$ cat data_16.txt   # compact mmCIF, C-alpha atoms and all ligand atoms
# COMPACT_ATOMS: atom_id res chain seq x y z
CA MET A 1456 69.51 136.52 74.93
CA LYS A 1457 67.76 136.76 78.30
CA LYS A 1458 69.44 135.53 81.48
CA ILE A 1459 67.67 133.18 83.87
CA ALA A 1460 68.46 131.87 87.37
CA ILE A 1461 66.99 128.60 88.62
CA LEU A 1462 66.86 128.21 92.40
CA GLY A 1463 65.99 124.67 93.52
CA SER A 1464 67.24 123.41 90.16
CA THR A 1465 67.57 119.79 91.34
CA GLY A 1466 63.94 119.44 92.44
CA SER A 1467 60.77 118.44 90.65
CA ILE A 1468 59.95 121.97 89.37
CA GLY A 1469 63.62 122.88 88.80
CA THR A 1470 64.36 119.84 86.62
CA GLN A 1471 61.20 120.35 84.57
CA ALA A 1472 62.10 124.01 84.02
CA LEU A 1473 65.58 123.03 82.81
CA GLU A 1474 64.06 120.45 80.47
CA LEU A 1475 61.84 123.16 78.97
CA LEU A 1476 64.78 125.55 78.67
CA SER A 1477 66.79 122.91 76.82
CA GLU A 1478 64.07 122.90 74.14
CA SER A 1479 64.22 126.67 73.52
CA ASN A 1480 66.84 129.29 72.70
CA ASP A 1481 65.20 132.08 74.64
CA TYR A 1482 67.40 132.04 77.75
CA ILE A 1483 70.93 131.44 78.88
CA VAL A 1484 71.23 130.02 82.38
CA ASP A 1485 73.13 132.49 84.55
CA TYR A 1486 73.17 130.50 87.78
CA LEU A 1487 71.73 127.42 89.46
CA TYR A 1488 71.16 126.87 93.17
CA ALA A 1489 70.66 123.63 95.11
CA ASN A 1490 70.94 122.46 98.69
CA SER A 1491 73.04 119.27 98.63
CA ASN A 1492 72.44 117.14 95.53
CA TYR A 1493 75.85 117.86 93.98
CA LYS A 1494 75.74 114.96 91.51
CA LEU A 1495 72.60 116.19 89.78
CA LEU A 1496 73.77 119.79 90.07
CA TYR A 1497 76.98 118.82 88.31
CA GLN A 1498 75.09 117.18 85.44
CA GLN A 1499 73.03 120.37 85.15
CA ILE A 1500 76.19 122.49 85.17
CA LYS A 1501 77.61 120.42 82.32
CA SER A 1502 74.45 120.65 80.23
CA THR A 1503 73.54 124.32 80.82
CA GLU A 1504 77.02 125.85 81.35
CA PRO A 1505 75.94 128.53 83.84
CA LYS A 1506 78.38 131.23 84.91
CA PHE A 1507 77.78 130.32 88.59
CA ALA A 1508 76.29 127.57 90.73
CA CYS A 1509 75.48 127.85 94.45
CA ILE A 1510 75.27 124.94 96.85
CA ASN A 1511 74.46 125.16 100.56
CA CYS A 1512 75.97 122.03 102.02
CA GLU A 1513 79.73 122.32 102.58
CA ASP A 1514 80.37 118.63 102.19
CA SER A 1515 78.54 118.62 98.83
CA TYR A 1516 80.45 121.75 97.80
CA ASN A 1517 83.78 119.99 98.44
CA LYS A 1518 82.71 116.98 96.40
CA LEU A 1519 81.45 119.21 93.60
CA LYS A 1520 84.72 121.18 93.56
CA GLU A 1521 86.65 117.94 93.26
CA ILE A 1522 84.79 116.75 90.15
CA ASN A 1523 84.14 120.12 88.52
CA ASN A 1524 86.17 120.61 85.36
CA THR A 1525 83.90 123.25 83.82
CA ASN A 1526 84.26 127.04 83.81
CA THR A 1527 81.34 127.43 86.22
CA GLU A 1528 82.31 129.17 89.44
CA ILE A 1529 80.91 127.38 92.49
CA ILE A 1530 79.65 129.30 95.52
CA CYS A 1531 79.43 127.53 98.86
CA GLY A 1532 77.05 127.97 101.80
CA LEU A 1533 73.79 129.69 102.54
CA ASN A 1534 75.12 133.15 103.43
CA ASN A 1535 77.48 133.38 100.45
CA SER A 1536 74.69 132.17 98.17
CA LEU A 1537 72.24 134.75 99.52
CA ASP A 1538 74.81 137.56 99.11
CA PHE A 1539 75.43 136.36 95.58
CA ILE A 1540 71.70 136.24 94.73
CA LYS A 1541 71.23 139.81 95.95
CA SER A 1542 74.15 141.06 93.88
CA ARG A 1543 73.18 139.27 90.66
CA LYS A 1544 70.65 140.83 88.33
CA VAL A 1545 69.05 138.51 85.76
CA ASP A 1546 65.99 138.85 83.53
CA LEU A 1547 63.98 136.12 85.25
CA SER A 1548 64.54 134.15 88.45
CA LEU A 1549 62.61 130.96 89.13
CA ASN A 1550 62.41 130.20 92.84
CA ALA A 1551 61.61 126.48 93.05
CA ILE A 1552 63.13 125.87 96.50
CA VAL A 1553 60.87 123.86 98.77
CA GLY A 1554 59.47 125.05 102.11
CA ILE A 1555 60.48 127.81 104.50
CA SER A 1556 64.04 127.84 103.09
CA GLY A 1557 62.62 129.57 100.02
CA LEU A 1558 61.73 132.82 101.78
CA LYS A 1559 65.23 134.31 102.18
CA PRO A 1560 66.10 133.66 98.51
CA THR A 1561 62.79 135.31 97.50
CA LEU A 1562 63.67 138.40 99.55
CA HIS A 1563 67.17 138.49 98.04
CA ILE A 1564 65.86 138.11 94.48
CA ILE A 1565 63.39 140.98 94.84
CA ALA A 1566 66.20 143.16 96.20
CA SER A 1567 68.56 142.30 93.32
CA GLY A 1568 67.19 144.43 90.50
CA THR A 1569 65.76 141.35 88.77
CA LYS A 1570 62.41 142.39 87.31
CA PHE A 1571 60.57 139.05 87.01
CA LEU A 1572 60.28 136.41 89.72
CA ALA A 1573 58.59 133.15 88.72
CA LEU A 1574 57.53 131.96 92.16
CA ALA A 1575 56.94 128.26 92.72
CA ASN A 1576 57.85 128.61 96.41
CA LYS A 1577 54.35 129.41 97.66
CA GLU A 1578 55.69 129.22 101.22
CA SER A 1579 57.30 132.67 100.71
CA LEU A 1580 53.80 134.15 100.36
CA VAL A 1581 52.22 132.06 103.12
CA MET A 1582 54.94 133.11 105.57
CA ALA A 1583 55.40 136.72 104.57
CA GLY A 1584 52.96 137.58 101.78
CA GLU A 1585 52.41 141.17 102.85
CA ILE A 1586 56.13 141.92 103.17
CA VAL A 1587 57.13 140.11 99.96
CA THR A 1588 54.43 141.71 97.80
CA GLU A 1589 55.10 145.18 99.24
CA ILE A 1590 58.84 145.01 98.55
CA ALA A 1591 58.25 143.52 95.10
CA HIS A 1592 55.83 146.32 94.30
CA LYS A 1593 58.21 148.98 95.60
CA ASN A 1594 61.11 147.56 93.56
CA GLY A 1595 59.04 147.09 90.41
CA VAL A 1596 59.34 143.29 90.47
CA LYS A 1597 56.54 141.33 88.82
CA ILE A 1598 55.77 138.02 90.54
CA LEU A 1599 54.71 135.40 88.02
CA PRO A 1600 52.77 132.43 89.43
CA VAL A 1601 54.07 128.93 88.75
CA ASP A 1602 51.52 127.00 90.81
CA SER A 1603 49.01 125.51 88.34
CA GLU A 1604 45.95 127.05 90.04
CA HIS A 1605 47.46 130.53 90.14
CA SER A 1606 48.69 130.24 86.59
CA ALA A 1607 45.09 129.36 85.66
CA ILE A 1608 43.71 132.41 87.50
CA TRP A 1609 46.35 134.63 85.91
CA GLN A 1610 45.36 133.36 82.46
CA CYS A 1611 41.62 133.79 83.20
CA LEU A 1612 42.22 137.38 84.33
CA THR A 1613 44.11 138.43 81.21
CA GLY A 1614 42.23 141.33 79.64
CA GLU A 1615 39.80 141.59 82.57
CA ASN A 1616 39.16 144.40 85.03
CA ASP A 1617 39.82 143.55 88.71
CA LEU A 1618 36.63 145.37 89.71
CA ASP A 1619 34.60 142.83 87.71
CA ILE A 1620 35.81 139.84 89.75
CA SER A 1621 33.24 138.34 92.06
CA ARG A 1622 35.26 135.40 93.41
CA ILE A 1623 38.03 132.92 92.66
CA ILE A 1624 37.30 129.20 92.62
CA LEU A 1625 40.44 127.21 93.38
CA THR A 1626 40.15 123.62 92.25
CA ALA A 1627 41.66 120.75 94.24
CA SER A 1628 42.12 117.11 93.31
CA GLY A 1629 41.27 116.09 96.88
CA GLY A 1630 44.48 114.07 97.10
CA PRO A 1631 44.79 110.33 97.78
CA PHE A 1632 42.41 110.34 100.78
CA ARG A 1633 39.44 112.15 99.28
CA ALA A 1634 37.25 109.08 99.51
CA LEU A 1635 38.82 107.56 102.64
CA ASP A 1636 36.74 107.46 105.80
CA LYS A 1637 38.01 109.79 108.52
CA LYS A 1638 38.25 106.93 111.01
CA ASP A 1639 40.86 105.28 108.75
CA PHE A 1640 43.14 108.36 108.70
CA LYS A 1641 45.01 107.12 111.79
CA SER A 1642 46.50 104.21 109.84
CA ILE A 1643 47.75 106.27 106.85
CA THR A 1644 51.41 105.47 106.12
CA VAL A 1645 54.08 107.64 104.47
CA LYS A 1646 53.86 105.43 101.39
CA ASP A 1647 50.06 105.91 101.17
CA ALA A 1648 50.42 109.68 101.55
CA LEU A 1649 53.13 109.90 98.87
CA ASN A 1650 50.87 108.19 96.35
CA HIS A 1651 49.15 111.19 94.73
CA PRO A 1652 46.47 110.22 92.18
CA ASN A 1653 47.17 112.93 89.57
CA TRP A 1654 50.36 114.90 90.16
CA ASP A 1655 54.01 113.82 90.32
CA MET A 1656 55.73 116.27 92.69
CA GLY A 1657 58.39 116.58 95.40
CA ASN A 1658 57.73 114.79 98.71
CA LYS A 1659 56.83 117.81 100.84
CA ILE A 1660 54.13 119.19 98.55
CA THR A 1661 52.80 115.66 98.00
CA ILE A 1662 52.19 115.33 101.75
CA ASP A 1663 50.69 118.85 101.78
CA SER A 1664 48.30 117.65 99.07
CA ALA A 1665 47.38 114.57 101.10
CA THR A 1666 46.51 116.69 104.17
CA MET A 1667 45.06 119.35 101.82
CA MET A 1668 47.18 121.99 103.58
CA ASN A 1669 48.44 122.66 100.07
CA LYS A 1670 45.00 124.03 99.19
CA GLY A 1671 44.93 126.12 102.36
CA PHE A 1672 48.33 127.56 101.37
CA GLU A 1673 47.00 128.23 97.89
CA VAL A 1674 44.12 130.30 99.27
CA ILE A 1675 46.71 132.46 101.06
CA GLU A 1676 48.86 132.54 97.91
CA THR A 1677 45.79 133.71 95.93
CA LYS A 1678 45.13 136.48 98.43
CA TRP A 1679 48.62 137.94 97.99
CA LEU A 1680 49.03 137.36 94.26
CA PHE A 1681 45.64 138.72 93.23
CA GLY A 1682 44.73 141.00 96.15
CA LEU A 1683 41.47 139.32 97.21
CA SER A 1684 40.21 138.66 100.73
CA GLU A 1685 39.69 135.06 101.87
CA ASP A 1686 35.87 135.32 101.79
CA ARG A 1687 36.13 135.67 98.00
CA ILE A 1688 38.32 132.60 97.50
CA ASP A 1689 36.50 129.25 97.44
CA ILE A 1690 37.83 125.72 97.13
CA LEU A 1691 36.12 123.21 94.86
CA VAL A 1692 37.20 119.57 94.76
CA HIS A 1693 37.57 118.38 91.18
CA PRO A 1694 39.16 114.91 91.21
CA GLN A 1695 40.15 114.82 87.52
CA SER A 1696 42.50 117.87 87.87
CA ILE A 1697 41.65 119.11 84.36
CA ILE A 1698 40.19 122.49 85.34
CA HIS A 1699 43.05 124.22 87.16
CA SER A 1700 40.95 127.03 88.64
CA MET A 1701 38.22 129.48 87.71
CA VAL A 1702 37.27 133.13 88.06
CA GLU A 1703 33.67 134.17 88.56
CA PHE A 1704 32.69 137.66 87.43
CA ASN A 1705 29.97 140.00 88.71
CA ASP A 1706 27.53 138.88 85.99
CA THR A 1707 27.91 135.24 87.29
CA SER A 1708 29.84 134.15 84.20
CA ILE A 1709 32.82 131.93 84.98
CA LYS A 1710 36.11 131.60 83.09
CA ALA A 1711 38.21 128.47 83.59
CA GLN A 1712 41.60 127.25 82.39
CA LEU A 1713 41.87 123.58 81.43
CA GLY A 1714 44.83 121.35 80.75
CA PHE A 1715 46.56 118.11 81.62
CA PRO A 1716 47.77 117.85 85.22
CA ASP A 1717 51.33 118.50 84.03
CA MET A 1718 53.44 121.20 85.70
CA LYS A 1719 55.31 121.81 82.46
CA ILE A 1720 52.29 123.80 81.23
CA PRO A 1721 52.30 126.47 83.99
CA ILE A 1722 56.13 126.50 84.17
CA ASN A 1723 56.28 127.06 80.41
CA TYR A 1724 53.77 129.91 80.68
CA ALA A 1725 55.80 131.63 83.41
CA LEU A 1726 59.00 131.22 81.36
CA HIS A 1727 57.55 132.56 78.13
CA TYR A 1728 54.74 134.87 79.31
CA PRO A 1729 52.81 136.43 77.60
CA LYS A 1730 53.32 133.73 74.93
CA HIS A 1731 51.85 130.23 75.07
CA LYS A 1732 54.99 128.67 73.64
CA LYS A 1733 54.46 125.31 71.94
CA LEU A 1734 54.88 122.23 74.12
CA ASN A 1735 55.40 118.68 72.97
CA LEU A 1736 52.25 117.28 74.59
CA LYS A 1737 49.35 115.38 73.09
CA PRO A 1738 46.21 117.54 72.77
CA LEU A 1739 43.75 117.35 75.65
CA ASN A 1740 40.81 115.34 74.32
CA LEU A 1741 37.87 116.03 76.59
CA ASP A 1742 35.82 113.32 74.83
CA LEU A 1743 38.31 110.75 76.17
CA ILE A 1744 38.09 112.25 79.68
CA GLY A 1745 34.30 112.14 79.45
CA GLN A 1746 33.35 113.52 82.85
CA LEU A 1747 34.44 116.46 84.94
CA THR A 1748 33.02 116.24 88.46
CA PHE A 1749 32.93 118.62 91.41
CA GLU A 1750 32.26 118.42 95.13
CA LYS A 1751 32.67 120.56 98.24
CA PRO A 1752 35.85 120.02 100.30
CA ASP A 1753 35.26 118.15 103.58
CA LEU A 1754 36.68 120.56 106.18
CA ASN A 1755 35.92 118.15 108.99
CA LYS A 1756 38.11 115.48 107.39
CA PHE A 1757 40.79 117.86 106.11
CA GLN A 1758 41.31 120.09 109.15
CA CYS A 1759 44.35 121.75 107.59
CA ILE A 1760 42.10 123.73 105.23
CA GLN A 1761 40.16 125.15 108.17
CA LEU A 1762 43.42 125.92 110.00
CA ALA A 1763 44.59 127.90 106.97
CA TYR A 1764 41.33 129.88 106.71
CA ASN A 1765 41.48 130.62 110.46
CA ALA A 1766 45.12 131.71 110.23
CA MET A 1767 44.27 133.99 107.32
CA GLU A 1768 41.46 135.55 109.26
CA SER A 1769 43.59 136.24 112.33
CA GLY A 1770 46.47 137.41 110.07
CA GLY A 1771 49.76 138.65 111.58
CA THR A 1772 52.11 135.86 112.58
CA SER A 1773 49.37 133.18 112.36
CA THR A 1774 50.06 132.33 108.73
CA SER A 1775 53.84 132.24 109.27
CA ILE A 1776 53.36 129.85 112.17
CA LEU A 1777 50.96 127.79 110.04
CA ASN A 1778 53.67 127.46 107.42
CA ILE A 1779 56.63 126.83 109.75
CA ALA A 1780 54.73 124.31 111.88
CA ASN A 1781 53.54 122.56 108.74
CA ASP A 1782 57.09 122.32 107.30
CA LEU A 1783 58.39 120.76 110.50
CA SER A 1784 55.40 118.45 111.06
CA VAL A 1785 55.59 117.16 107.48
CA GLU A 1786 59.31 116.46 107.94
CA LEU A 1787 58.54 114.54 111.16
CA PHE A 1788 55.84 112.56 109.37
CA LEU A 1789 58.16 111.76 106.42
CA ASN A 1790 60.75 110.56 108.96
CA LYS A 1791 58.06 108.40 110.60
CA LYS A 1792 58.31 110.29 113.90
CA ILE A 1793 54.62 111.30 114.01
CA LYS A 1794 51.37 110.00 112.56
CA PHE A 1795 49.52 111.60 109.68
CA THR A 1796 46.72 112.66 112.04
CA GLN A 1797 49.20 114.50 114.28
CA ILE A 1798 50.12 116.97 111.54
CA PRO A 1799 47.06 119.26 111.97
CA LYS A 1800 47.16 118.81 115.76
CA LEU A 1801 50.76 120.02 116.04
CA ILE A 1802 50.09 122.96 113.73
CA GLU A 1803 47.01 124.01 115.69
CA LEU A 1804 48.93 123.74 118.95
CA CYS A 1805 51.72 125.96 117.62
CA ILE A 1806 49.27 128.58 116.36
CA THR A 1807 47.40 128.62 119.67
CA LYS A 1808 50.50 128.82 121.85
CA HIS A 1809 52.69 131.20 119.88
CA HIS A 1810 53.26 134.83 120.78
CA TYR A 1811 50.99 136.57 118.26
CA ILE A 1812 52.20 139.73 116.53
CA SER A 1813 49.63 141.55 114.41
CA LYS A 1814 52.09 143.40 112.14
CA PRO A 1815 55.30 141.35 112.15
CA ASN A 1816 58.47 142.53 110.46
CA ILE A 1817 60.72 140.06 108.68
CA ASP A 1818 62.91 139.49 111.77
CA ASP A 1819 59.81 138.65 113.83
CA ILE A 1820 58.92 136.04 111.22
CA PHE A 1821 62.38 134.44 111.15
CA GLU A 1822 62.44 134.37 114.97
CA GLN A 1823 59.30 132.23 114.90
CA ILE A 1824 61.23 129.43 113.18
CA ASP A 1825 63.36 128.70 116.27
CA TRP A 1826 60.37 129.04 118.57
CA VAL A 1827 58.35 126.52 116.52
CA LYS A 1828 61.33 124.12 116.32
CA ASN A 1829 61.75 124.18 120.11
CA TYR A 1830 58.06 123.94 120.77
CA ILE A 1831 57.57 121.00 118.42
CA ASN A 1832 60.63 119.19 119.84
CA LYS A 1833 59.15 119.48 123.32
CA ASN A 1834 55.63 118.52 122.31
CA THR A 1835 56.00 115.86 119.64
CA PHE A 1836 55.65 112.92 121.92
CA ILE A 1837 52.90 114.19 124.23
P1 LIG A 1901 61.56 119.23 95.57
O1 LIG A 1901 61.61 118.68 96.94
O2 LIG A 1901 61.40 118.30 94.42
O3 LIG A 1901 62.86 120.11 95.29
C1 LIG A 1901 63.28 121.07 96.19
C2 LIG A 1901 64.46 121.84 95.64
O4 LIG A 1901 64.83 122.82 96.61
C3 LIG A 1901 65.71 120.99 95.40
O5 LIG A 1901 66.42 121.54 94.32
C4 LIG A 1901 66.51 121.20 96.69
O6 LIG A 1901 67.91 120.97 96.55
C5 LIG A 1901 66.23 122.66 96.92
N1 LIG A 1901 66.44 123.09 98.29
C6 LIG A 1901 65.93 122.54 99.42
N2 LIG A 1901 66.33 123.24 100.50
C7 LIG A 1901 67.10 124.25 100.02
C8 LIG A 1901 67.82 125.31 100.62
N3 LIG A 1901 67.84 125.47 101.96
N4 LIG A 1901 68.52 126.15 99.82
C9 LIG A 1901 68.53 126.00 98.48
N5 LIG A 1901 67.88 125.01 97.84
C10 LIG A 1901 67.17 124.16 98.61
O7 LIG A 1901 60.39 120.33 95.57
P2 LIG A 1901 59.34 120.65 94.43
O8 LIG A 1901 60.04 120.95 93.15
O9 LIG A 1901 58.24 119.68 94.47
O10 LIG A 1901 58.70 122.01 94.99
C11 LIG A 1901 59.37 123.23 94.94
C12 LIG A 1901 58.40 124.36 95.26
O11 LIG A 1901 57.41 124.42 94.23
C13 LIG A 1901 57.62 124.14 96.57
O12 LIG A 1901 57.43 125.36 97.20
C14 LIG A 1901 56.29 123.60 96.11
O13 LIG A 1901 55.23 123.93 96.99
C15 LIG A 1901 56.11 124.31 94.78
N6 LIG A 1901 55.27 123.60 93.82
C16 LIG A 1901 55.66 122.39 93.37
C17 LIG A 1901 54.88 121.67 92.48
C18 LIG A 1901 55.35 120.37 91.92
O14 LIG A 1901 54.71 119.84 91.02
N7 LIG A 1901 56.43 119.78 92.38
C19 LIG A 1901 53.57 122.21 92.04
C20 LIG A 1901 53.28 123.51 92.55
C21 LIG A 1901 54.10 124.18 93.42
P3 LIG A 1901 68.54 119.48 96.81
O15 LIG A 1901 68.01 118.63 95.69
O16 LIG A 1901 70.01 119.70 96.73
O17 LIG A 1901 68.04 119.05 98.15
MG MG A 1902 48.90 123.94 93.07

$ encode --input "data_16.txt" --output "structure tokens"
Amino acid sequence: MKKIAILGSTGSIGTQALELLSESNDYIVDYLYANSNYKLLYQQIKSTEPKFACINCEDSYNKLKEINNTNTEIICGLNNSLDFIKSRKVDLSLNAIVGISGLKPTLHIIASGTKFLALANKESLVMAGEIVTEIAHKNGVKILPVDSEHSAIWQCLTGENDLDISRIILTASGGPFRALDKKDFKSITVKDALNHPNWDMGNKITIDSATMMNKGFEVIETKWLFGLSEDRIDILVHPQSIIHSMVEFNDTSIKAQLGFPDMKIPINYALHYPKHKKLNLKPLNLDLIGQLTFEKPDLNKFQCIQLAYNAMESGGTSTSILNIANDLSVELFLNKKIKFTQIPKLIELCITKHHYISKPNIDDIFEQIDWVKNYINKNTFI
């Protein structure tokens, strides 16, 4: 049986992946990794019986050690966990850690001899897409998309020749504020922004969907996963979230992938690729949905999309700063320290003021994290 590792097992993607694994006999869970939620991690340890489990937070580790009466060996702390990940070869690793914390685990997975990485952590590619894809290529690691749009593109491209692609059309729901007037953005609350119309996800990506930075990130993710420049990646708002993305070919024909807005579908595909393993979902009845509609994204209202395109164009450290500044701004917004409308402003400020490096190495990228933290701390209340 194949061995799988689930990083970020206690999150929205991680828990759905474990639910899918519990319905199949294709994998045994080799290890799980979480940050601090030791209670849920312990339930997962009991149900999946992994050989190992890693947890970052020392306090949570101590509590987990106290209650653990399984044979699972528990590893404590970030550095020990990273060393462990690098030394442990499995058949498939799913990286479902949220935010910038996902990059180091990605780098350690692709150095471990593991041949398939199912990557939900899009931030790894936004921060260091060139470095991650180069190392993966060199080490013979195949990166399997988990994001629904990229899973759709991947499926549309099966059996196709890359030279025949004209452009990629990434669909976007438009989030909860698609129809809200820009002048009302200043009064958006955390509760409003967490209320996504179609998708049920972790808090950080839900805010990214509300600002539409998520779509900007996905353009960058598309560039690195499928090797296309940004001028060939368009965004199309499609509020029903039934078409998950499309590929247009040179003869103008377009292929699309359709499905419910349910992350289990792309997770299942990444787990069982190239099979479409049966899922216990009702069939998608398009006659009940009735209408599929499309509109252009409003870049004036959703400035984060424009910031992402600009960062992509200038390249180098701009996209890492985009990602780091977004992570920290979203955290400040979730903690009610800044307003929704300050998110793009802070990100733009960080990109403008940072020390730009055109060809950063991985240390340059990690050094930016402290710079952005300091800069944001000093400039949050201006
Ligand atoms: P959640 O916030 O629901 O879960 C995050 C997970 O990451 C938790 O298991 C958390 O552990 C763990 N984690 C956080 N920080 C660390 C760390 N420093 N080290 C190790 N583990 C850590 O996130 P989501 O599941 O929503 O998102 C995960 C990733 O998938 C993101 O990159 C997101 O963009 C992407 N994605 C998510 C989608 C979704 O539907 N949710 C859709 C498409 C992409 P703990 O619980 O202990 O804090
Ligand atoms: Mg997506």

$ residues_near_ligand --input "data_16.txt" --ligand "ligand MG 1902 (chain A)" --cutoff "6 Å" --atoms "all atoms listed in the file" --output "list in words"
Asp1602, Ser1603 and Glu1604 of chain A

$ closest_atom_pairs --input "data_16.txt" --of "stretch 1549-1607 of chain A" --to "stretch 1759-1783 of chain A" --cutoff "8 Å" --atoms "all atoms listed in the file" --output "Markdown table"
| residue | atom | partner | partner_atom | distance |
| --- | --- | --- | --- | --- |
| A:Gly1554 | CA | A:Asp1782 | CA | 6.3 |
| A:Ile1555 | CA | A:Ile1779 | CA | 6.6 |
| A:Glu1578 | CA | A:Asn1778 | CA | 6.8 |
| A:Val1581 | CA | A:Thr1774 | CA | 6.0 |
| A:Met1582 | CA | A:Ser1775 | CA | 4.0 |
| A:Ala1583 | CA | A:Ser1775 | CA | 6.7 |

$ residues_near_ligand --input "data_16.txt" --ligand "ligand LIG 1901 (chain A)" --cutoff "9 Å" --atoms "all atoms listed in the file" --output "short mmCIF file (atom, residue, chain, number, x, y, z; two decimals) with C-alpha atoms, in the frame of the given file"
data_model
loop_
_atom_site.label_atom_id
_atom_site.label_comp_id
_atom_site.auth_asym_id
_atom_site.auth_seq_id
_atom_site.Cartn_x
_atom_site.Cartn_y
_atom_site.Cartn_z
CA LEU A 1462 66.86 128.21 92.40
CA GLY A 1463 65.99 124.67 93.52
CA SER A 1464 67.24 123.41 90.16
CA THR A 1465 67.57 119.79 91.34
CA GLY A 1466 63.94 119.44 92.44
CA SER A 1467 60.77 118.44 90.65
CA ILE A 1468 59.95 121.97 89.37
CA GLY A 1469 63.62 122.88 88.80
CA THR A 1470 64.36 119.84 86.62
CA GLN A 1471 61.20 120.35 84.57
CA TYR A 1488 71.16 126.87 93.17
CA ALA A 1489 70.66 123.63 95.11
CA ASN A 1490 70.94 122.46 98.69
CA SER A 1491 73.04 119.27 98.63
CA ASN A 1492 72.44 117.14 95.53
CA TYR A 1493 75.85 117.86 93.98
CA LEU A 1495 72.60 116.19 89.78
CA LEU A 1496 73.77 119.79 90.07
CA CYS A 1509 75.48 127.85 94.45
CA ILE A 1510 75.27 124.94 96.85
CA ASN A 1511 74.46 125.16 100.56
CA CYS A 1512 75.97 122.03 102.02
CA SER A 1515 78.54 118.62 98.83
CA GLY A 1532 77.05 127.97 101.80
CA LEU A 1533 73.79 129.69 102.54
CA SER A 1536 74.69 132.17 98.17
CA ASN A 1550 62.41 130.20 92.84
CA ALA A 1551 61.61 126.48 93.05
CA ILE A 1552 63.13 125.87 96.50
CA VAL A 1553 60.87 123.86 98.77
CA GLY A 1554 59.47 125.05 102.11
CA ILE A 1555 60.48 127.81 104.50
CA SER A 1556 64.04 127.84 103.09
CA GLY A 1557 62.62 129.57 100.02
CA PRO A 1560 66.10 133.66 98.51
CA LEU A 1574 57.53 131.96 92.16
CA ALA A 1575 56.94 128.26 92.72
CA ASN A 1576 57.85 128.61 96.41
CA LYS A 1577 54.35 129.41 97.66
CA GLU A 1578 55.69 129.22 101.22
CA SER A 1579 57.30 132.67 100.71
CA VAL A 1601 54.07 128.93 88.75
CA ASP A 1602 51.52 127.00 90.81
CA SER A 1603 49.01 125.51 88.34
CA GLU A 1604 45.95 127.05 90.04
CA TRP A 1654 50.36 114.90 90.16
CA ASP A 1655 54.01 113.82 90.32
CA MET A 1656 55.73 116.27 92.69
CA GLY A 1657 58.39 116.58 95.40
CA ASN A 1658 57.73 114.79 98.71
CA LYS A 1659 56.83 117.81 100.84
CA ILE A 1660 54.13 119.19 98.55
CA THR A 1661 52.80 115.66 98.00
CA ASP A 1663 50.69 118.85 101.78
CA ASN A 1669 48.44 122.66 100.07
CA PHE A 1672 48.33 127.56 101.37
CA ASP A 1717 51.33 118.50 84.03
CA MET A 1718 53.44 121.20 85.70
CA LYS A 1719 55.31 121.81 82.46
#

$ residues_around --input "data_16.txt" --residues "stretch 1637-1647 of chain A" --least-positions-apart "2" --cutoff "8 Å" --atoms "only C-alpha atoms" --output "MDAnalysis selection string"
chainID A and resid 1631 1635 1649:1650 1756 1788:1789 1791 1794:1796

$ residues_around --input "data_16.txt" --residues "A:Ile1624" --least-positions-apart "3" --cutoff "8 Å" --atoms "all atoms listed in the file" --output "PyMOL selection string"
chain A and resi 1688-1691+1700-1703

$ closest_residue --input "data_16.txt" --among "A:Asp1538, A:Glu1478, A:Glu1521, A:Glu1513" --to "A:Tyr1497" --atoms "only C-alpha atoms"
A:Glu1521

$ closest_residue --input "data_16.txt" --among "A:Ala1648, A:Leu1625, A:Ile1722, A:Leu1801" --to "A:Ile1675" --atoms "all atoms listed in the file"
A:Leu1625

$ axis_aligned_box --input "data_16.txt" --around "stretch 1740-1749 of chain A" --padding-each-side "6 Å" --output "lines of an AutoDock Vina configuration file"
center_x = 36.9
center_y = 114.7
center_z = 82.9
size_x = 19.9
size_y = 19.9
size_z = 29.1

$ atom_distance --input "data_16.txt" --atom1 "atom CA of A:Leu1736" --atom2 "atom CA of A:Ala1627"
22.6 Å

$ atom_distance --input "data_16.txt" --atom1 "atom CA of A:Ile1812" --atom2 "atom CA of A:Asp1686"
22.4 Å

$ closest_residue --input "data_16.txt" --among "A:Ile1709, A:Arg1622, A:Ser1696, A:Asn1594" --to "A:Gln1746" --atoms "only C-alpha atoms"
A:Ser1696
